[in-house]
Amino acid sequence: MMLILTRRLPANLDTSVQFTLRLTAEERTHSRHRFPTHEGTLVQLHLPRGTVLFEGDLLQPEAEEITVRVVAKPEPVCVITAPQPLDLLRAAYHLGNRHVLLETYPRPS
């Protein structure tokens, strides 16, 4: 059985889900792809092109009442620090100029 997921719903922790889809950051950018769920069921994403999935997003097939939760798969990260904010700005410019995908977070206190 393969589910074809066509609808994306916003994250809602209270929603009961039947399957969990663990994806890396790169895999969450694929709007048309096949993935196995954590439970072993094969799903086909058929979402609008350009859709980027986020941790907690919910996916559903068009006609069925099945819900799949997207979970961010753990993966290695690089932490970049610099003595001056301008150094970080320079690094961000060069990474952006090369179209490197990245996420930024405020520095923990």
# chains A, B, ... in the order shown; residues from 1 in each chain; ligands from 1
$ residues_around --residues "stretch 28-38 of chain A" --least-positions-apart "5" --cutoff "10 Å" --atoms "only C-alpha atoms" --output "VMD selection string"
chain A and resid 2 to 6 19 to 23 43 to 55 68 to 73
$ residues_around --residues "A:Ala82" --least-positions-apart "5" --cutoff "12 Å" --atoms "only C-alpha atoms" --output "list in words"
Asp87, Leu88, Leu89, Arg90, Ala91, Ala92 and Arg107 of chain A
$ closest_residue --among "A:His99, A:Arg7, A:Thr15, A:Glu27" --to "A:Ala63" --atoms "only C-alpha atoms"
A:Arg7
$ atom_distance --atom1 "atom CA of A:Ser16" --atom2 "atom CA of A:Pro74"
22.7 Å
$ atom_distance --atom1 "atom CA of A:Asp14" --atom2 "atom CA of A:Leu42"
24.2 Å
$ decode --residues "stretch 75-100 of chain A" --atoms "N, CA, C and O atoms" --output "mmCIF file, in the first residue's frame"
data_model
loop_
_atom_site.group_PDB
_atom_site.id
_atom_site.type_symbol
_atom_site.label_atom_id
_atom_site.label_comp_id
_atom_site.auth_asym_id
_atom_site.auth_seq_id
_atom_site.Cartn_x
_atom_site.Cartn_y
_atom_site.Cartn_z
ATOM 1 N N GLU A 75 20.681 15.216 12.213
ATOM 2 C CA GLU A 75 21.794 15.222 11.271
ATOM 3 C C GLU A 75 22.891 16.141 11.796
ATOM 4 O O GLU A 75 22.642 16.987 12.644
ATOM 5 N N PRO A 76 24.109 15.944 11.311
ATOM 6 C CA PRO A 76 25.204 16.780 11.809
ATOM 7 C C PRO A 76 25.010 18.242 11.445
ATOM 8 O O PRO A 76 24.421 18.568 10.410
ATOM 9 N N VAL A 77 25.509 19.114 12.302
ATOM 10 C CA VAL A 77 25.425 20.554 12.051
ATOM 11 C C VAL A 77 26.786 21.189 12.286
ATOM 12 O O VAL A 77 27.641 20.636 12.971
ATOM 13 N N CYS A 78 26.974 22.353 11.720
ATOM 14 C CA CYS A 78 28.157 23.165 11.978
ATOM 15 C C CYS A 78 27.715 24.379 12.773
ATOM 16 O O CYS A 78 26.720 25.017 12.426
ATOM 17 N N VAL A 79 28.428 24.678 13.817
ATOM 18 C CA VAL A 79 28.153 25.874 14.606
ATOM 19 C C VAL A 79 29.265 26.872 14.316
ATOM 20 O O VAL A 79 30.451 26.559 14.451
ATOM 21 N N ILE A 80 28.861 28.047 13.896
ATOM 22 C CA ILE A 80 29.839 29.070 13.520
ATOM 23 C C ILE A 80 29.731 30.217 14.514
ATOM 24 O O ILE A 80 28.640 30.738 14.761
ATOM 25 N N THR A 81 30.847 30.600 15.069
ATOM 26 C CA THR A 81 30.918 31.764 15.956
ATOM 27 C C THR A 81 32.028 32.665 15.437
ATOM 28 O O THR A 81 32.900 32.235 14.674
ATOM 29 N N ALA A 82 31.985 33.909 15.854
ATOM 30 C CA ALA A 82 33.014 34.865 15.438
ATOM 31 C C ALA A 82 33.160 35.915 16.529
ATOM 32 O O ALA A 82 32.204 36.207 17.251
ATOM 33 N N PRO A 83 34.346 36.475 16.647
ATOM 34 C CA PRO A 83 34.555 37.488 17.683
ATOM 35 C C PRO A 83 33.784 38.792 17.404
ATOM 36 O O PRO A 83 33.420 39.504 18.328
ATOM 37 N N GLN A 84 33.526 39.075 16.137
ATOM 38 C CA GLN A 84 32.832 40.313 15.770
ATOM 39 C C GLN A 84 31.617 40.000 14.902
ATOM 40 O O GLN A 84 31.695 39.128 14.023
ATOM 41 N N PRO A 85 30.487 40.698 15.097
ATOM 42 C CA PRO A 85 29.301 40.472 14.254
ATOM 43 C C PRO A 85 29.589 40.660 12.760
ATOM 44 O O PRO A 85 29.023 39.966 11.927
ATOM 45 N N LEU A 86 30.486 41.565 12.414
ATOM 46 C CA LEU A 86 30.803 41.789 11.004
ATOM 47 C C LEU A 86 31.400 40.540 10.361
ATOM 48 O O LEU A 86 31.153 40.257 9.186
ATOM 49 N N ASP A 87 32.161 39.751 11.125
ATOM 50 C CA ASP A 87 32.735 38.512 10.603
ATOM 51 C C ASP A 87 31.631 37.513 10.256
ATOM 52 O O ASP A 87 31.704 36.810 9.240
ATOM 53 N N LEU A 88 30.596 37.440 11.089
ATOM 54 C CA LEU A 88 29.463 36.551 10.790
ATOM 55 C C LEU A 88 28.700 37.040 9.570
ATOM 56 O O LEU A 88 28.269 36.255 8.737
ATOM 57 N N LEU A 89 28.557 38.342 9.464
ATOM 58 C CA LEU A 89 27.874 38.920 8.305
ATOM 59 C C LEU A 89 28.633 38.593 7.022
ATOM 60 O O LEU A 89 28.045 38.217 6.015
ATOM 61 N N ARG A 90 29.946 38.678 7.072
ATOM 62 C CA ARG A 90 30.775 38.356 5.902
ATOM 63 C C ARG A 90 30.605 36.879 5.530
ATOM 64 O O ARG A 90 30.456 36.533 4.350
ATOM 65 N N ALA A 91 30.622 35.990 6.521
ATOM 66 C CA ALA A 91 30.434 34.552 6.262
ATOM 67 C C ALA A 91 29.049 34.301 5.668
ATOM 68 O O ALA A 91 28.901 33.527 4.716
ATOM 69 N N ALA A 92 28.024 34.959 6.209
ATOM 70 C CA ALA A 92 26.661 34.779 5.691
ATOM 71 C C ALA A 92 26.576 35.247 4.235
ATOM 72 O O ALA A 92 25.929 34.608 3.405
ATOM 73 N N TYR A 93 27.253 36.357 3.910
ATOM 74 C CA TYR A 93 27.257 36.846 2.539
ATOM 75 C C TYR A 93 27.849 35.806 1.594
ATOM 76 O O TYR A 93 27.280 35.484 0.552
ATOM 77 N N HIS A 94 29.001 35.261 1.956
ATOM 78 C CA HIS A 94 29.674 34.306 1.078
ATOM 79 C C HIS A 94 28.882 33.008 0.945
ATOM 80 O O HIS A 94 28.789 32.436 -0.145
ATOM 81 N N LEU A 95 28.281 32.541 2.019
ATOM 82 C CA LEU A 95 27.449 31.329 1.937
ATOM 83 C C LEU A 95 26.214 31.589 1.072
ATOM 84 O O LEU A 95 25.833 30.774 0.243
ATOM 85 N N GLY A 96 25.583 32.727 1.273
ATOM 86 C CA GLY A 96 24.399 33.073 0.481
ATOM 87 C C GLY A 96 24.735 33.253 -0.989
ATOM 88 O O GLY A 96 23.964 32.871 -1.870
ATOM 89 N N ASN A 97 25.893 33.831 -1.268
ATOM 90 C CA ASN A 97 26.330 34.036 -2.640
ATOM 91 C C ASN A 97 26.513 32.712 -3.373
ATOM 92 O O ASN A 97 26.390 32.636 -4.588
ATOM 93 N N ARG A 98 26.772 31.640 -2.616
ATOM 94 C CA ARG A 98 26.929 30.298 -3.191
ATOM 95 C C ARG A 98 25.641 29.479 -3.073
ATOM 96 O O ARG A 98 25.627 28.288 -3.320
ATOM 97 N N HIS A 99 24.579 30.124 -2.639
ATOM 98 C CA HIS A 99 23.262 29.491 -2.497
ATOM 99 C C HIS A 99 23.305 28.282 -1.575
ATOM 100 O O HIS A 99 22.646 27.268 -1.832
ATOM 101 N N VAL A 100 24.065 28.372 -0.499
ATOM 102 C CA VAL A 100 24.146 27.304 0.491
ATOM 103 C C VAL A 100 22.923 27.400 1.395
ATOM 104 O O VAL A 100 22.632 28.467 1.946
#
